[in-house]
2 protein chains.
Amino acid sequence: MVSLKDVAEKTGFSIRTVNRALKSDGYVAPATRERVLAAAERLGYRANLKARALRTGLSYEIGVVLGTMDELKIAKMTSFEQTLREAGFSVDVLFGLPGGDPTRGYQGTLETLLDRQPAAVALFPEHGMSLERMAMRLVQSGIPYVVFDPEAEYMDPGELHAVRIDRGHGVRLAVRHLFELGHRNIAYLGGVADRSRLDGYEAETRNLELEPIVLDTDAWEGEFESGWNGGELFLAADPRPDAVQVFSDVTAMGLLAFLHEQGLRVPEDVAVVGFDDRQIASVCWPALTTVAMPNHEVGVAAAEILLAKITGEPAPAAGWSRTVATRLKVRDST
Amino acid sequence: MVSLKDVAEKTGFSIRTVNRALKSDGYVAPATRERVLAAAERLGYRANLKARALRTGLSYEIGVVLGTMDELKIAKMTSFEQTLREAGFSVDVLFGLPGGDPTRGYQGTLETLLDRQPAAVALFPEHGMSLERMAMRLVQSGIPYVVFDPEAEYMDPGELHAVRIDRGHGVRLAVRHLFELGHRNIAYLGGVADRSRLDGYEAETRNLELEPIVLDTDAWEGEFESGWNGGELFLAADPRPDAVQVFSDVTAMGLLAFLHEQGLRVPEDVAVVGFDDRQIASVCWPALTTVAMPNHEVGVAAAEILLAKITGEPAPAAGWSRTVATRLKVRDST
DNA sequence: TTGTAAGCGTTATCAA
DNA sequence: TTGATAACGCTTACAA
C-alpha cells in the first residue's frame, strides 16, 4: 500500500504538506497542491482508514446485530445502509447465533462488535435477545444505538430508542377498506397474544359498529400452519366471515391453500388481507391485498437517529424514538 | 477505551509483558500472567483491532460486494459468514448501486471496499458488474477473491475463481422425476438465451428419448409475467404438455396463477416444477416441487476458498473454483 | 506556505 | 523472564 510517506518522497514535500493538499485543510500553494494530487493519483494513493481511525479515535463504521436475515429486514437495511453511506459511514453486519460465542449469545455478538469500535450500533430484535441489557451496555460505552421495530413490550418510547411500526394503523385501513367493499362480517385470524395488529382490528370494528370475530391461532406454532388450521376456525365461525384480516402474508398463504382445497373462491366467497407485503403477496394466486410496512422509511429513520446522535445533536423533544405508519396495498384478494 | 498501557500501569509490569501474557506468546511467569489477566478482566480490557491491523498489516475483515440482497443471496451469505467467523474473520457487506459513487458503479464500490484493506473479497455478480475487471483489480492488489455463482459466460473455470452451480443437473433430476411419474410430454418454460437449465432439460429428454417442448418466454421481461404469459404458449402447444419444468419459482407462480384462472388442476392436469426453492415454493398452492441450489454448501465453499488463499495454500489441482450440484425437492405440484 | 515532532494502541526487535 | 524502544500511517499542535 502506498502511504503519505511515499507521496511525500515522490514529490519532495513533507508528509504534512502532502496531507494538507490531499485533505485540503490549511494553506497550500496551488502549484504544490497540483503536484501532490498528480503524484497521489499516479501512485494510486488511498488513505489508510485504520490509521486514521486510530489517530482520531473516530470510526466511520456502524455495526448491526441481528440473528438471521430475512426479506423484511433486508428491506429496512437497504435504505439504512444507503443513508449512512451517503453520510460517509459504512455498515458492518454481524450475525448473532448460532455462530459467534454461543455461550454468550447475542450479548457476545455485541461484544465482538464493540471490539471494532463502531461509531454507532443498530439492533434487530430477535427471540432470545435482551434488548434492555444490550442498550444498557451501549449507553454505558457511550455508543449511540437504535433498535429496529422492537416488540410491543418495549412500546414505552422512553426506555428504548427505537423506530417503531404502528401495525394497528394499517389494519384499521384494511378493515375500513373491507367495509367499503360491502363486507360486514370481517374476522381477524391470528394469535391473540400479539396485540399489535389486534388493537387496530378491534378499534376499527368498534368504530364501524361491527361485531368482532377473532379466530385465535395461538394453538399452532408455524405461521403457515396457523393459516391452514385457522381455516377450520373460519368454517366453523358463526356467522361465517365474508372477509378476513390475517396475521401475516405467510399465514394468509396457509389460509389461501385451505380455501382453495375447500373449493372456496377468493375474493368472491371470502376476501383475504395479509400483513407484511412480502414478495409472495404479489406473486401468489390471487395476488394478496396486504398491509405494508414502510421499510424504506424505517431504515432512513434509524439512520437519521444514529447520525443525529453521532453528531451530538440534542435529543428531539419527542425523544430519540420515532413511530411510522403502515399502509394498505390493494391487490386481487379483496 | 482501556489499553495495554492502562493494564500495565495497574499491574506495574511493562506494556510488553502485559501483551505477552494476554496473547500468551513468549515466556511469562505464571504469577505474572495471573495478575495481568485478572487486571485486564477487571478493567475490561479489549484489544484495539485497528491498532493491531495497522501494526501487523493483517486484516481480519472479508469484504462482500453486491447490488441488492435477496433471499437466495442471503442463504449463501449466511453459511459464508458463519464459516468465516468461526475462522476469526468478520464479514463486511457493501452494497453497490445505487449509492456509493454512481459514476463509477460497482468498480467504485470495490474501491471503497479496498480502502478498508480487507483480507479477501467476495463478489456477487450483478447486472452491469464487470467481473473480469474487478477480479483483475483484486489480483493486481494481491487480495484473494472469489465469485458467487457467476453467469454462464464465465463458465471457463480457468479465468475466474468462483463457486459455480450446476443448474442443469437438478433439471435433469426433475425431468427424470416427471418421467417416472408417467409424464411423457414434458415441457421447459423459460427463456432460451439462458442455457444453464435448458442444457440439462435437453440432455435428459434426449436421454429418455422424449420429444423436447421448449416454451420460449424471452419475449417478456419479468419472471412472473413470463410465467403468466407463458401459459398461453402452454395451451397452444401441440401436443399439450402434461408436465412443465419452469425457469424459476417466481415464473412458476405466474404459470400457476394462469392455470388456476383457466380452471386447470395442478398436478392432476399438469405437473409443475420450479427452480430456486424460494420461500414461496413451500407456501404456495399447491406447494411447489422445485430444484434447490445447495446454498449452504455454496457459502461454505466460497469461504473455504478464501481461507485457503489467505493462508497461502497452493491452488488445488482443479484450480480455485468449485462446482456444486443442485437437487430436487418434491412437493405437491408433481 | 511548509516542516517537525508527538502520539493513537498494538506488535516486534533486541537487549538486559 | 522482563523491559525499552521503534514502527505501522495518519492527524494535529506548534514552529519556522
# chains A, B, ... in the order shown; residues from 1 in each chain; ligands from 1
>>> residues_around(residues="Cys284 of chain B", least_positions_apart="5", cutoff="10 Å", atoms="only C-alpha atoms (C1' of nucleotides)", output="PyMOL selection string")
(chain A and resi 224+250+253-254+256-257+280+283-285) or (chain B and resi 253+256+279+332-333)
>>> interface_residues(of="chain A", to="chain D", cutoff="12 Å", atoms="only C-alpha atoms (C1' of nucleotides)", output="PyMOL selection string")
chain A and resi 1-6+15-16+18-20+23+25-26+46-58
>>> write_last_selection(atoms="C-alpha atoms", output="mmCIF file, in the first residue's frame")
data_model
loop_
_atom_site.group_PDB
_atom_site.id
_atom_site.type_symbol
_atom_site.label_atom_id
_atom_site.label_comp_id
_atom_site.auth_asym_id
_atom_site.auth_seq_id
_atom_site.Cartn_x
_atom_site.Cartn_y
_atom_site.Cartn_z
ATOM 1 C CA MET A 1 0.000 0.000 0.000
ATOM 2 C CA VAL A 2 1.223 3.424 -0.895
ATOM 3 C CA SER A 3 1.238 5.825 2.027
ATOM 4 C CA LEU A 4 1.580 9.555 2.591
ATOM 5 C CA LYS A 5 5.262 8.963 3.029
ATOM 6 C CA ASP A 6 5.565 7.532 -0.464
ATOM 7 C CA ILE A 15 4.221 14.334 4.828
ATOM 8 C CA ARG A 16 2.309 17.150 6.418
ATOM 9 C CA VAL A 18 1.003 16.212 1.233
ATOM 10 C CA ASN A 19 -1.630 15.524 3.826
ATOM 11 C CA ARG A 20 -2.768 19.123 3.732
ATOM 12 C CA LYS A 23 -7.451 16.823 2.593
ATOM 13 C CA ASP A 25 -7.148 21.774 5.070
ATOM 14 C CA GLY A 26 -4.934 24.767 5.710
ATOM 15 C CA ARG A 46 -5.512 5.721 -0.765
ATOM 16 C CA ALA A 47 -5.735 6.821 2.844
ATOM 17 C CA ASN A 48 -5.356 4.073 5.415
ATOM 18 C CA LEU A 49 -8.647 4.171 7.238
ATOM 19 C CA LYS A 50 -7.446 2.166 10.192
ATOM 20 C CA ALA A 51 -4.545 4.506 10.832
ATOM 21 C CA ARG A 52 -6.855 7.454 10.600
ATOM 22 C CA ALA A 53 -9.354 5.938 12.978
ATOM 23 C CA LEU A 54 -6.599 5.022 15.396
ATOM 24 C CA ARG A 55 -5.282 8.531 15.445
ATOM 25 C CA THR A 56 -8.548 10.444 15.545
ATOM 26 C CA GLY A 57 -10.451 7.992 17.684
ATOM 27 C CA LEU A 58 -13.260 8.443 15.197
#
>>> interface_residues(of="chain A", to="chain C", cutoff="7 Å", atoms="only C-alpha atoms (C1' of nucleotides)", output="list in words")
Ser14, Thr17, Tyr27, Val28, Ala29, Leu54 and Arg55 of chain A
>>> write_last_selection(atoms="C-alpha atoms", output="compact mmCIF listing (two decimals), in the first residue's frame")
# COMPACT_ATOMS: atom_id res chain seq x y z
CA SER A 14 6.85 16.75 3.69
CA THR A 17 2.13 19.16 3.24
CA TYR A 27 -2.95 26.75 3.20
CA VAL A 28 -1.23 25.00 0.36
CA ALA A 29 0.28 26.71 -2.63
CA LEU A 54 -6.60 5.02 15.40
CA ARG A 55 -5.28 8.53 15.45
>>> select_by_dssp(residues="segment 99-272 of chain A", states="alpha helix (DSSP H)", output="ChimeraX atom specification")
/A:105-114,131-141,167-180,195-207,223-236,249-262
>>> residues_around(residues="Ala203 of chain B", least_positions_apart="6", cutoff="10 Å", atoms="only C-alpha atoms (C1' of nucleotides)", output="list of chain:residue names")
B:Gly168, B:His169, B:Val171, B:Arg172, B:Val175, B:Glu209, B:Pro212
>>> write_last_selection(atoms="C-alpha atoms", output="JSON list (two decimals), in the first residue's frame")
[["chain", "number", "residue", "atom", "x", "y", "z"],
["B", 168, "GLY", "CA", -28.60, -28.44, -15.42],
["B", 169, "HIS", "CA", -28.03, -31.27, -13.01],
["B", 171, "VAL", "CA", -33.21, -30.05, -14.04],
["B", 172, "ARG", "CA", -32.17, -33.49, -15.24],
["B", 175, "VAL", "CA", -37.22, -34.39, -15.82],
["B", 209, "GLU", "CA", -35.95, -40.35, -25.81],
["B", 212, "PRO", "CA", -38.40, -31.72, -26.23]]
>>> atom_distance(atom1="atom CA of Ala237 of chain B", atom2="atom CA of Tyr201 of chain B")
17.3 Å
>>> closest_residue(among="A:Phe247, A:Phe13, A:Trp228, A:Trp220", to="chain B", atoms="only C-alpha atoms")
A:Trp228
